[in-house]
Structures are given as structure tokens and as C-alpha cells.
>>> print(open('query.cif').read())   # mmCIF, C-alpha atoms
data_query
#
loop_
_atom_site.label_atom_id
_atom_site.label_comp_id
_atom_site.auth_asym_id
_atom_site.auth_seq_id
_atom_site.Cartn_x
_atom_site.Cartn_y
_atom_site.Cartn_z
CA MET A 1 -23.08 64.89 -2.46
CA ALA A 2 -22.85 61.14 -2.85
CA GLY A 3 -24.55 61.59 -6.25
CA ALA A 4 -21.91 64.16 -7.39
CA GLU A 5 -19.12 61.80 -6.34
CA GLU A 6 -20.74 58.96 -8.28
CA ILE A 7 -20.95 61.17 -11.40
CA GLU A 8 -17.23 62.08 -11.02
CA ILE A 9 -16.24 58.42 -10.69
CA CYS A 10 -18.32 57.52 -13.78
CA GLU A 11 -16.75 60.33 -15.84
CA GLY A 12 -13.26 59.29 -14.70
CA GLY A 13 -14.05 55.71 -15.68
CA GLU A 14 -15.29 56.77 -19.12
CA GLU A 15 -12.13 58.82 -19.73
CA SER A 16 -9.87 55.90 -18.85
CA ILE A 17 -11.91 53.59 -21.12
CA GLU A 18 -11.51 56.13 -23.95
CA ALA A 19 -7.77 56.39 -23.31
CA GLU A 20 -7.45 52.60 -23.37
CA ALA A 21 -9.41 52.40 -26.61
CA LYS A 22 -7.16 55.07 -28.12
CA THR A 23 -4.03 53.17 -27.05
CA GLU A 24 -5.45 49.97 -28.50
CA ARG A 25 -6.17 51.66 -31.81
CA GLY A 26 -2.59 53.01 -31.82
CA ASP A 27 -1.24 49.51 -31.14
CA GLU A 28 -3.35 48.05 -33.92
CA LYS A 29 -2.09 50.73 -36.29
CA VAL A 30 1.53 49.86 -35.49
CA LEU A 31 0.77 46.17 -35.95
CA LEU A 32 -0.83 46.86 -39.34
CA GLN A 33 2.17 48.93 -40.38
CA PHE A 34 4.45 46.07 -39.36
CA LEU A 35 2.45 43.54 -41.35
CA ASP A 36 2.34 45.89 -44.35
CA SER A 37 6.10 46.35 -44.18
CA LEU A 38 6.64 42.61 -43.89
CA ASP A 39 4.46 41.98 -46.94
CA GLY A 40 6.25 44.76 -48.83
CA TYR A 41 9.63 43.32 -47.87
CA LEU A 42 8.81 39.87 -49.23
CA THR A 43 7.26 41.28 -52.41
CA LEU A 44 10.29 43.48 -53.04
CA MET A 45 12.67 40.56 -52.47
CA ASP A 46 10.78 38.64 -55.14
CA SER A 47 11.05 41.60 -57.50
CA LEU A 48 14.77 41.89 -56.73
CA ASN A 49 15.23 38.23 -57.52
CA SER A 50 13.66 38.72 -60.98
CA LYS A 51 15.80 41.75 -61.75
CA LEU A 52 18.99 40.05 -60.63
CA ARG A 53 18.18 37.03 -62.77
CA GLU A 54 17.77 39.28 -65.80
CA GLY A 55 21.09 40.94 -65.00
CA TRP A 56 22.93 37.63 -64.57
CA PHE A 57 21.47 36.29 -67.77
CA ASP A 58 22.46 39.39 -69.77
CA LEU A 59 25.92 39.31 -68.21
CA ALA A 60 26.32 35.66 -69.19
CA SER A 61 25.16 36.51 -72.74
CA ALA A 62 27.63 39.38 -72.92
CA ARG A 63 30.41 37.12 -71.67
CA HIS A 64 29.48 34.58 -74.34
CA SER A 65 29.63 37.15 -77.16
CA MET A 66 32.59 39.20 -75.94
CA GLY A 67 34.63 36.38 -74.42
CA THR A 68 35.41 35.45 -70.83
CA LEU A 69 38.71 37.36 -70.87
CA ARG A 70 36.92 40.61 -71.62
CA ILE A 71 34.47 40.39 -68.74
CA ASN A 72 36.15 39.36 -65.53
CA THR A 73 37.24 40.86 -62.25
CA THR A 74 40.89 41.30 -63.27
CA LEU A 75 39.79 44.23 -65.41
CA LEU A 76 38.22 46.11 -62.52
CA ASP A 77 39.58 49.58 -61.90
CA LEU A 78 41.66 49.53 -58.71
CA LYS A 79 42.84 53.13 -59.02
CA ASP A 80 41.25 55.38 -56.44
CA HIS A 81 37.86 56.59 -57.57
CA SER A 82 34.59 57.54 -55.89
CA ALA A 83 31.33 55.71 -56.33
CA SER A 84 28.99 57.26 -58.90
CA SER A 85 25.88 55.95 -57.18
CA THR A 86 25.65 56.79 -53.51
CA LEU A 87 23.10 56.97 -50.72
CA GLN A 88 21.75 59.64 -48.42
CA VAL A 89 20.55 58.49 -44.99
CA THR A 90 18.15 60.68 -43.05
CA ASP A 91 15.69 60.32 -40.20
CA GLN A 92 12.04 60.72 -41.14
CA GLU A 93 9.10 61.12 -38.81
CA VAL A 94 6.41 58.57 -39.58
CA GLU A 95 3.00 58.74 -37.91
CA SER A 96 2.68 56.26 -35.02
CA LEU A 97 6.19 54.85 -35.65
CA GLY A 98 8.23 57.89 -34.76
CA SER A 99 11.67 58.36 -36.29
CA VAL A 100 12.55 55.95 -39.12
CA HIS A 101 15.83 55.78 -41.03
CA CYS A 102 15.29 56.61 -44.67
CA PHE A 103 17.64 55.78 -47.55
CA ALA A 104 17.69 57.79 -50.78
CA LEU A 105 19.65 56.73 -53.85
CA SER A 106 21.64 59.23 -55.86
CA LYS A 107 22.61 57.75 -59.23
CA TRP A 108 25.40 58.68 -61.58
CA ALA A 109 27.04 61.67 -59.94
CA SER A 110 29.09 63.74 -62.37
CA LYS A 111 32.62 64.24 -61.14
CA GLY A 112 33.38 67.52 -62.96
CA GLY A 113 36.83 68.94 -63.70
CA SER A 114 37.57 70.00 -60.13
CA GLY A 115 37.09 66.48 -58.87
CA LYS A 116 34.00 67.49 -56.89
CA GLY A 117 30.63 66.02 -57.71
CA LYS A 118 28.21 68.31 -59.49
CA ASP A 119 25.24 68.66 -57.23
CA PHE A 120 22.22 68.66 -59.50
CA SER A 121 19.95 67.04 -56.95
CA THR A 122 16.38 66.98 -58.11
CA VAL A 123 13.95 64.63 -56.49
CA ALA A 124 12.32 62.68 -59.29
CA ASP A 125 10.11 60.56 -57.11
CA SER A 126 6.79 62.14 -56.07
CA GLU A 127 6.48 59.96 -52.94
CA MET A 128 9.04 61.99 -51.02
CA GLY A 129 7.46 61.51 -47.63
CA SER A 130 7.00 57.77 -47.77
CA PRO A 131 9.64 55.72 -46.00
CA ARG A 132 9.13 52.97 -48.57
CA SER A 133 9.98 55.06 -51.61
CA PRO A 134 13.51 54.83 -52.96
CA GLN A 135 13.59 58.66 -53.19
CA LEU A 136 15.52 58.38 -56.41
CA ARG A 137 17.50 61.47 -57.20
CA HIS A 138 18.51 61.90 -60.79
CA ARG A 139 21.40 64.15 -61.46
CA GLY A 140 20.02 67.10 -63.38
CA VAL A 141 20.09 70.87 -63.06
CA SER A 142 18.31 72.31 -60.04
CA GLY A 143 14.52 72.66 -60.30
CA GLU A 144 14.73 76.41 -59.73
CA LYS A 145 15.41 77.02 -63.48
CA PRO A 146 12.55 78.52 -65.47
CA SER A 147 10.24 75.99 -67.09
CA ASP A 148 11.12 77.04 -70.67
CA LYS A 149 14.67 75.79 -70.06
CA GLY A 150 13.38 72.59 -68.47
CA GLU A 151 13.78 70.46 -71.57
CA THR A 152 17.36 71.63 -72.14
CA THR A 153 18.33 70.86 -68.58
CA VAL A 154 16.73 67.40 -68.70
CA LEU A 155 18.61 66.67 -71.94
CA ALA A 156 21.85 67.87 -70.37
CA ALA A 157 21.25 65.64 -67.37
CA ASP A 158 20.51 62.68 -69.65
CA GLU A 159 23.76 63.28 -71.50
CA GLU A 160 25.68 63.34 -68.22
CA ILE A 161 24.06 60.11 -67.13
CA LYS A 162 24.89 58.47 -70.48
CA LYS A 163 28.53 59.55 -70.09
CA GLU A 164 28.71 58.11 -66.59
CA ARG A 165 27.15 54.85 -67.74
CA ALA A 166 29.62 54.59 -70.62
CA LYS A 167 32.50 55.37 -68.28
CA SER A 168 31.39 52.57 -65.99
CA LEU A 169 31.48 50.09 -68.87
CA SER A 170 34.76 51.39 -70.31
CA VAL A 171 36.79 48.97 -68.14
CA PHE A 172 35.52 46.22 -70.42
CA GLY A 173 36.73 47.93 -73.57
CA GLY A 174 35.60 50.54 -76.07
CA LEU A 175 33.02 48.40 -77.87
CA VAL A 176 30.76 46.39 -75.62
CA SER A 177 27.92 44.05 -76.32
CA PRO A 178 24.35 45.45 -76.08
CA LYS A 179 23.75 42.61 -73.62
CA LEU A 180 26.28 44.19 -71.28
CA ARG A 181 24.40 47.49 -71.45
CA GLY A 182 21.22 45.55 -70.76
CA ALA A 183 22.87 43.94 -67.74
CA GLN A 184 23.91 47.38 -66.50
CA LEU A 185 20.31 48.62 -66.68
CA SER A 186 19.03 45.51 -64.90
CA PHE A 187 21.48 45.99 -62.06
CA GLU A 188 20.58 49.68 -61.86
CA THR A 189 16.94 48.71 -61.41
CA ALA A 190 17.97 46.09 -58.86
CA LEU A 191 19.81 48.84 -56.99
CA GLU A 192 16.65 50.95 -56.83
CA THR A 193 14.74 47.94 -55.53
CA LEU A 194 17.41 47.36 -52.90
CA VAL A 195 17.01 50.90 -51.59
CA GLU A 196 13.25 50.33 -51.35
CA ILE A 197 13.96 47.11 -49.46
CA ALA A 198 16.24 48.99 -47.08
CA ASN A 199 13.50 51.54 -46.37
CA THR A 200 10.89 48.82 -45.89
CA ARG A 201 13.26 46.93 -43.60
CA SER A 202 13.79 50.09 -41.58
CA SER A 203 10.07 50.71 -41.05
CA MET A 204 9.46 47.00 -40.35
CA LEU A 205 12.13 46.89 -37.64
CA THR A 206 10.91 50.15 -36.12
CA ALA A 207 7.34 48.83 -35.95
CA PHE A 208 8.63 45.54 -34.55
CA GLU A 209 10.51 47.36 -31.78
CA ARG A 210 7.32 49.24 -30.86
CA ILE A 211 5.30 46.04 -30.74
CA SER A 212 7.92 44.17 -28.73
CA LYS A 213 7.96 46.84 -26.06
CA LYS A 214 4.23 46.42 -25.38
CA MET B 1 12.72 56.16 -29.09
CA ALA B 2 14.09 55.15 -25.67
CA GLY B 3 17.51 53.50 -25.77
CA ARG B 4 17.92 54.12 -29.50
CA ALA B 5 21.06 55.95 -30.61
CA SER B 6 20.40 58.68 -33.14
CA ILE B 7 22.24 58.12 -36.42
CA PRO B 8 23.65 61.31 -37.93
CA ALA B 9 22.44 62.04 -41.46
CA ARG B 10 24.88 60.61 -43.99
CA ASN B 11 25.41 62.11 -47.40
CA SER B 12 27.16 60.24 -50.20
CA ALA B 13 27.27 57.02 -48.22
CA LEU B 14 28.40 53.88 -49.98
CA ILE B 15 26.89 50.49 -50.69
CA ALA B 16 29.26 47.67 -49.73
CA MET B 17 29.05 44.20 -51.28
CA ILE B 18 30.12 40.73 -50.19
CA ALA B 19 28.95 38.53 -53.03
CA ASP B 20 29.91 36.33 -55.96
CA GLU B 21 31.72 37.66 -59.01
CA ASP B 22 28.72 38.22 -61.28
CA THR B 23 26.72 40.05 -58.63
CA VAL B 24 29.63 42.32 -57.72
CA VAL B 25 30.49 43.02 -61.37
CA GLY B 26 26.85 43.81 -62.08
CA PHE B 27 26.55 46.33 -59.27
CA LEU B 28 29.92 47.84 -60.12
CA MET B 29 28.51 48.50 -63.59
CA ALA B 30 25.67 50.32 -61.83
CA GLY B 31 28.25 52.68 -60.34
CA VAL B 32 28.55 51.62 -56.70
CA GLY B 33 32.27 50.77 -56.79
CA ASN B 34 34.55 52.89 -54.62
CA VAL B 35 38.31 52.63 -54.16
CA ASP B 36 40.03 54.94 -51.70
CA ILE B 37 43.58 56.26 -51.69
CA ARG B 38 44.78 53.21 -49.79
CA ARG B 39 43.24 51.01 -52.51
CA LYS B 40 40.59 49.77 -50.12
CA THR B 41 37.45 48.76 -51.94
CA ASN B 42 33.85 48.67 -50.79
CA TYR B 43 33.40 45.12 -52.04
CA LEU B 44 34.66 41.59 -51.53
CA ILE B 45 34.31 39.06 -54.33
CA VAL B 46 33.64 35.63 -52.85
CA ASN B 47 34.81 32.58 -54.77
CA SER B 48 35.91 29.04 -53.95
CA LYS B 49 39.25 30.31 -52.64
CA THR B 50 37.80 32.87 -50.25
CA THR B 51 38.10 31.79 -46.63
CA VAL B 52 35.50 32.26 -43.93
CA ARG B 53 37.99 34.42 -42.05
CA GLN B 54 38.27 36.80 -45.02
CA ILE B 55 34.48 37.07 -45.19
CA GLU B 56 34.25 37.72 -41.45
CA ASP B 57 36.94 40.39 -41.63
CA ALA B 58 35.24 42.09 -44.56
CA PHE B 59 31.87 42.04 -42.78
CA LYS B 60 33.34 43.46 -39.59
CA GLU B 61 35.19 46.15 -41.50
CA PHE B 62 32.21 47.23 -43.60
CA SER B 63 29.81 47.21 -40.65
CA SER B 64 32.10 49.47 -38.64
CA ARG B 65 32.74 52.05 -41.38
CA ASP B 66 30.90 55.36 -41.12
CA ASP B 67 30.76 55.90 -44.86
CA ILE B 68 28.77 52.73 -45.62
CA ALA B 69 24.97 52.78 -45.39
CA ILE B 70 24.00 49.41 -46.87
CA ILE B 71 25.88 46.09 -46.98
CA LEU B 72 24.70 43.66 -49.63
CA ILE B 73 25.63 40.09 -48.83
CA SER B 74 24.71 37.00 -50.80
CA GLN B 75 22.59 34.81 -48.58
CA TYR B 76 24.80 31.75 -49.08
CA VAL B 77 27.78 33.85 -47.94
CA ALA B 78 25.78 35.15 -44.97
CA ASN B 79 25.10 31.53 -44.02
CA MET B 80 28.86 31.01 -43.66
CA ILE B 81 29.01 33.76 -41.04
CA ARG B 82 25.44 33.39 -39.78
CA PHE B 83 26.32 33.96 -36.14
CA LEU B 84 27.98 37.25 -36.98
CA VAL B 85 25.14 38.44 -39.22
CA ASP B 86 22.40 37.47 -36.77
CA SER B 87 24.13 39.14 -33.86
CA TYR B 88 24.41 42.41 -35.77
CA ASN B 89 21.63 44.73 -34.67
CA LYS B 90 22.57 48.26 -35.73
CA PRO B 91 20.09 50.06 -38.00
CA VAL B 92 22.85 51.51 -40.20
CA PRO B 93 24.56 50.13 -42.15
CA ALA B 94 21.58 48.00 -43.12
CA ILE B 95 22.44 44.38 -43.92
CA LEU B 96 20.50 43.08 -46.91
CA GLU B 97 20.73 39.40 -47.79
CA ILE B 98 20.35 38.89 -51.51
CA PRO B 99 20.05 35.80 -53.69
CA SER B 100 22.86 34.58 -55.86
CA LYS B 101 22.85 32.75 -59.20
CA ASP B 102 23.20 29.30 -57.69
CA HIS B 103 21.48 29.90 -54.35
CA PRO B 104 17.95 31.32 -54.41
CA TYR B 105 16.71 33.53 -51.60
CA ASP B 106 15.32 31.63 -48.62
CA PRO B 107 13.16 33.74 -46.26
CA ALA B 108 13.68 31.18 -43.50
CA HIS B 109 17.36 32.12 -43.27
CA ASP B 110 16.97 35.90 -43.58
CA SER B 111 18.29 37.50 -40.37
CA VAL B 112 15.65 40.24 -40.36
CA LEU B 113 12.77 37.80 -40.80
CA SER B 114 14.27 35.47 -38.18
CA ARG B 115 14.23 38.36 -35.75
CA VAL B 116 10.56 39.11 -36.28
CA LYS B 117 9.21 35.60 -36.79
CA TYR B 118 8.80 34.96 -33.08
CA LEU B 119 5.76 37.21 -33.23
CA PHE B 120 4.07 34.50 -35.22
CA SER B 121 5.26 31.56 -33.17
CA ALA B 122 2.85 29.54 -30.99
CA GLU B 123 4.72 30.55 -27.82
CA SER B 124 4.35 34.27 -28.43
CA VAL B 125 0.67 33.89 -29.30
CA SER B 126 -0.01 31.95 -26.10
CA GLN B 127 1.66 34.66 -24.03
CA ARG B 128 -0.73 37.34 -25.30
#
>>> encode(input="query.cif", output="C-alpha cells")
Amino acid sequence: MAGAEEIEICEGGEESIEAEAKTERGDEKVLLQFLDSLDGYLTLMDSLNSKLREGWFDLASARHSMGTLRINTTLLDLKDHSASSTLQVTDQEVESLGSVHCFALSKWASKGGSGKGKDFSTVADSEMGSPRSPQLRHRGVSGEKPSDKGETTVLAADEEIKKERAKSLSVFGGLVSPKLRGAQLSFETALETLVEIANTRSSMLTAFERISKK
Amino acid sequence: MAGRASIPARNSALIAMIADEDTVVGFLMAGVGNVDIRRKTNYLIVNSKTTVRQIEDAFKEFSSRDDIAIILISQYVANMIRFLVDSYNKPVPAILEIPSKDHPYDPAHDSVLSRVKYLFSAESVSQR
């Protein structure tokens, strides 16, 4: 009898040691995710800095060739209009972190004649599940179309995006410097980087909250 | 997560900006500019004539709007309202401090990194 009790106590002890080890591994995983996010955040900020510098330089070049009066804030459109590039915010379940806020960028929405945005949402980014991915959504025709029409729909989407880009630059006049177009592309890339930063920040803060509670 | 308010999914949320002229113009070219019927914009251009009060009001307004998901703020502007930025702790809208032409990004002043840096301080290590 005493022997059976001893065996029970030993088994109970082993189970609690296993549970503790499992909890420790979970804690280490969260800590690693936090450190990964922190590293990612700093790397992305560096990348953002480079992109912004390119944009500022191109903008300064455009201002030099087109003139200061043609590129300044007095020309900005103050009539009511919606943003062409917007965000979607959702909650994603991430292993060991739980629910994490996820930002997805939707660039160059087409307004259409009715004033409503044409919803062509197609996820271009393959890393859909990762909270770090910008989940870039290019406006194009829905992916349900047959593959033989794929090229046509991609071309149509590209045309729409070109129109939206041109419309965005039209406040600065009909003919704009190529440097201004270059600046626009740099800031677009910077925008994508910013969305990645937002996602990385979100996972970093979530991991930090988990660690702080322990 | 205990004590954490759930944020409803937001579609077509905006990116607000509180930054210098070139940064704002650049991002407006990327299509983030929004002006509503009351002529309220989702950006504030900061120059030498902009007061701290105007920056504070813009920050408070943008951070309380439901249609804004990210607020971009130049770090040198954030330094002017540092108390306000550091005391902000909601997950959405996310506050991202960005560099400006004349003021490079300094991780030491970033509000998010300041929040987490205590994990690496000597005091926190000694408590473990």
C-alpha cells in the first residue's frame, strides 16, 4: 500500500515537472517572438528611412525642375474626396501570442461612376497568415475569373492603377517631372513598409504584454 | 487576452499624418489623403508657424477617430508632445514615429521601444 502511494506521488511529481517544462518552453517561445519582432521593427525602420530619403530627394529634384510654385501645399485638393489607399484592420490568431491586430494595405481604389469604390480585392501577397506581412491588396478583378482571362484582368487592373496614380499627381499640373513620379513610387513603397512596421509593432506589443504578465 | 478590449474589424480605414510638408506631400501622392464633407483632412502639415497646441489637438482628434487605423508622426513633432504620445496605449490607431528630412530616426525616443526597453534594463534583469 505504501509502495502504491509512493508510485502515485512520483507520477504526480513527474506530471507537474512536465507541465512546468511545457510552460517554460511556451514562455521562451513568446520571448523569442518578441525579440524577433523587435529586430524586425528596427530593420524595417532602417528600410523606411532609406525609402523616405529617396522620396525626399526625388521630390526636391522635381521641385527644382518644375519650380517651387508648382509643388507646394497650396495646390492640395481640399474638395471632399476619399483616400485611394486605405487599410483593413483585422484580428489574427497567432500561435502562442493569441489574437494580434493585423493591418492590410489596399492601394489605389477605383472610385467608379457611382462614387463607390470598385472592389477588386485580390491578395497579391502569398504570406497571408503572417502578422508581419503587409498583406498588400492590389486592385484587380476577382481571382474567380478563368485563367485564360487572367492576363486581360491584370492589364485592366494595371490601367486602373495608372489612372489613379496620374490623378493623384494631377494637382501639380498636366505635365509633371519624371522625378515626381519617382517620388510617388518611393512613397508608395514607404507606405508598404509602414504597414509592415505596424504589423510588427502589433506582434511585438502583444508578445511584450504576455511577457510582462509572467 | 484578459483586460484587452476587442477592436472591431475596420475596412477602408485611413492613415493620418502629422509631419513636415515634404513627408505629407509625398504620402498624399501615394493616395492616402482624405477630405470629408466638412473639409476635415486626415493630415496636419507642421511648419515653423504650427503651435504645440495645434499639434496636440490634431493628435487627440486623430487618435479618437474610428476611421483612422495608423497615425504617422514625425519623430521631432512627437518630441514636442512626448507626454501625450507616451501616455497613449491603445493598439489602434497605431502610432508610428517616422524620421523627417532634418531629423533622423532615434530609437531612444521611440515610444514603443521606450515601453519595452525596461525588459533589458539592469533592474528588470535583477528581479528575475
>>> closest_atom_pairs(input="query.cif", of="chain B", to="chain A", cutoff="6 Å", atoms="all atoms listed in the file", output="CSV")
residue,atom,partner,partner_atom,distance
B:Ala9,CA,A:Thr90,CA,4.8
B:Arg10,CA,A:Val89,CA,4.9
B:Asn11,CA,A:Gln88,CA,4.5
B:Ser12,CA,A:Thr86,CA,5.0
B:Ala13,CA,A:Leu87,CA,4.9
B:Leu14,CA,A:Thr86,CA,5.3
B:Gly26,CA,A:Phe187,CA,5.8
B:Phe27,CA,A:Phe187,CA,5.8
B:Met29,CA,A:Ser168,CA,5.5
B:Ala30,CA,A:Glu188,CA,5.1
B:Gly31,CA,A:Ser84,CA,4.9
B:Val32,CA,A:Ala83,CA,5.0
B:Gly33,CA,A:Ala83,CA,5.0
B:Asn34,CA,A:Ala83,CA,4.6
B:Val35,CA,A:Asp80,CA,4.6
B:Asp36,CA,A:Asp80,CA,4.9
B:Ile37,CA,A:Asp80,CA,5.4
>>> atom_distance(input="query.cif", atom1="CA of Arg63 in chain A", atom2="CA of Glu159 in chain A")
27.0 Å
>>> residues_around(input="query.cif", residues="range 65-73 of chain B", least_positions_apart="4", cutoff="6 Å", atoms="all atoms listed in the file", output="mmCIF file with C-alpha atoms, in the frame of the given file")
data_model
loop_
_atom_site.group_PDB
_atom_site.id
_atom_site.type_symbol
_atom_site.label_atom_id
_atom_site.label_comp_id
_atom_site.auth_asym_id
_atom_site.auth_seq_id
_atom_site.Cartn_x
_atom_site.Cartn_y
_atom_site.Cartn_z
ATOM 1 C CA ALA B 13 27.270 57.020 -48.220
ATOM 2 C CA LEU B 14 28.400 53.880 -49.980
ATOM 3 C CA ILE B 15 26.890 50.490 -50.690
ATOM 4 C CA ALA B 16 29.260 47.670 -49.730
ATOM 5 C CA MET B 17 29.050 44.200 -51.280
ATOM 6 C CA ILE B 18 30.120 40.730 -50.190
ATOM 7 C CA ALA B 19 28.950 38.530 -53.030
ATOM 8 C CA VAL B 92 22.850 51.510 -40.200
ATOM 9 C CA PRO B 93 24.560 50.130 -42.150
ATOM 10 C CA ALA B 94 21.580 48.000 -43.120
ATOM 11 C CA ILE B 95 22.440 44.380 -43.920
ATOM 12 C CA LEU B 96 20.500 43.080 -46.910
ATOM 13 C CA GLU B 97 20.730 39.400 -47.790
#
>>> atom_distance(input="query.cif", atom1="CA of Asn42 in chain B", atom2="CA of Met80 in chain B")
19.7 Å
>>> atom_distance(input="query.cif", atom1="CA of Lys60 in chain B", atom2="CA of Ile81 in chain B")
10.7 Å
>>> closest_residue(input="query.cif", among="B:Ala58, B:Asp20, B:Val25, B:Ser63", to="Ile45 in chain B", atoms="only C-alpha atoms")
B:Asp20
>>> closest_residue(input="query.cif", among="A:Ser50, A:Gln33, A:Thr23, A:Thr74", to="Pro104 in chain B", atoms="only C-alpha atoms")
A:Ser50
>>> decode(input="query.cif", residues="range 163-184 of chain A", atoms="N, CA, C and O atoms", output="short mmCIF file (atom, residue, chain, number, x, y, z; two decimals), in the first residue's frame")
data_model
loop_
_atom_site.label_atom_id
_atom_site.label_comp_id
_atom_site.auth_asym_id
_atom_site.auth_seq_id
_atom_site.Cartn_x
_atom_site.Cartn_y
_atom_site.Cartn_z
N LYS A 163 -4.17 55.09 -63.84
CA LYS A 163 -5.09 56.25 -63.85
C LYS A 163 -5.14 56.90 -62.48
O LYS A 163 -5.13 58.12 -62.36
N GLU A 164 -5.21 56.05 -61.45
CA GLU A 164 -5.29 56.60 -60.09
C GLU A 164 -4.01 57.34 -59.73
O GLU A 164 -4.05 58.39 -59.07
N ARG A 165 -2.89 56.78 -60.16
CA ARG A 165 -1.60 57.43 -59.87
C ARG A 165 -1.55 58.80 -60.57
O ARG A 165 -1.12 59.79 -59.97
N ALA A 166 -1.97 58.81 -61.84
CA ALA A 166 -1.95 60.07 -62.60
C ALA A 166 -2.88 61.10 -61.98
O ALA A 166 -2.57 62.29 -61.90
N LYS A 167 -4.02 60.60 -61.49
CA LYS A 167 -5.00 61.51 -60.87
C LYS A 167 -4.40 62.15 -59.61
O LYS A 167 -4.61 63.32 -59.31
N SER A 168 -3.65 61.34 -58.89
CA SER A 168 -3.03 61.82 -57.66
C SER A 168 -2.02 62.92 -57.94
O SER A 168 -1.85 63.84 -57.15
N LEU A 169 -1.33 62.83 -59.10
CA LEU A 169 -0.33 63.83 -59.44
C LEU A 169 -0.93 65.02 -60.19
O LEU A 169 -0.25 66.03 -60.39
N SER A 170 -2.19 64.91 -60.58
CA SER A 170 -2.78 65.95 -61.43
C SER A 170 -2.90 67.30 -60.73
O SER A 170 -3.00 68.34 -61.39
N VAL A 171 -2.87 67.30 -59.38
CA VAL A 171 -2.93 68.59 -58.65
C VAL A 171 -1.71 69.46 -58.94
O VAL A 171 -1.75 70.68 -58.79
N PHE A 172 -0.64 68.81 -59.41
CA PHE A 172 0.58 69.55 -59.70
C PHE A 172 0.68 69.94 -61.17
O PHE A 172 1.71 70.43 -61.62
N GLY A 173 -0.39 69.71 -61.91
CA GLY A 173 -0.37 70.10 -63.32
C GLY A 173 -0.45 68.90 -64.24
O GLY A 173 -0.31 67.76 -63.82
N GLY A 174 -0.65 69.20 -65.55
CA GLY A 174 -0.80 68.13 -66.53
C GLY A 174 0.52 67.42 -66.81
O GLY A 174 0.59 66.20 -66.89
N LEU A 175 1.59 68.21 -66.97
CA LEU A 175 2.90 67.62 -67.27
C LEU A 175 3.77 67.71 -66.03
O LEU A 175 4.04 68.81 -65.54
N VAL A 176 4.17 66.56 -65.53
CA VAL A 176 4.99 66.58 -64.32
C VAL A 176 6.33 65.93 -64.60
O VAL A 176 6.48 65.13 -65.53
N SER A 177 7.29 66.29 -63.78
CA SER A 177 8.64 65.78 -63.95
C SER A 177 8.68 64.27 -63.65
O SER A 177 7.97 63.81 -62.75
N PRO A 178 9.51 63.50 -64.37
CA PRO A 178 9.67 62.08 -64.04
C PRO A 178 10.14 61.88 -62.59
O PRO A 178 9.86 60.85 -61.97
N LYS A 179 10.84 62.88 -62.07
CA LYS A 179 11.31 62.79 -60.68
C LYS A 179 10.12 62.77 -59.73
O LYS A 179 10.16 62.11 -58.68
N LEU A 180 9.07 63.48 -60.10
CA LEU A 180 7.88 63.49 -59.23
C LEU A 180 7.22 62.12 -59.24
O LEU A 180 6.76 61.63 -58.20
N ARG A 181 7.20 61.49 -60.41
CA ARG A 181 6.65 60.12 -60.48
C ARG A 181 7.52 59.17 -59.66
O ARG A 181 7.01 58.27 -59.01
N GLY A 182 8.82 59.40 -59.73
CA GLY A 182 9.75 58.58 -58.95
C GLY A 182 9.50 58.75 -57.46
O GLY A 182 9.52 57.79 -56.69
N ALA A 183 9.25 60.00 -57.06
CA ALA A 183 8.96 60.29 -55.65
C ALA A 183 7.68 59.57 -55.23
O ALA A 183 7.59 59.00 -54.13
N GLN A 184 6.70 59.59 -56.12
CA GLN A 184 5.42 58.92 -55.82
C GLN A 184 5.65 57.42 -55.57
O GLN A 184 5.11 56.87 -54.60
#
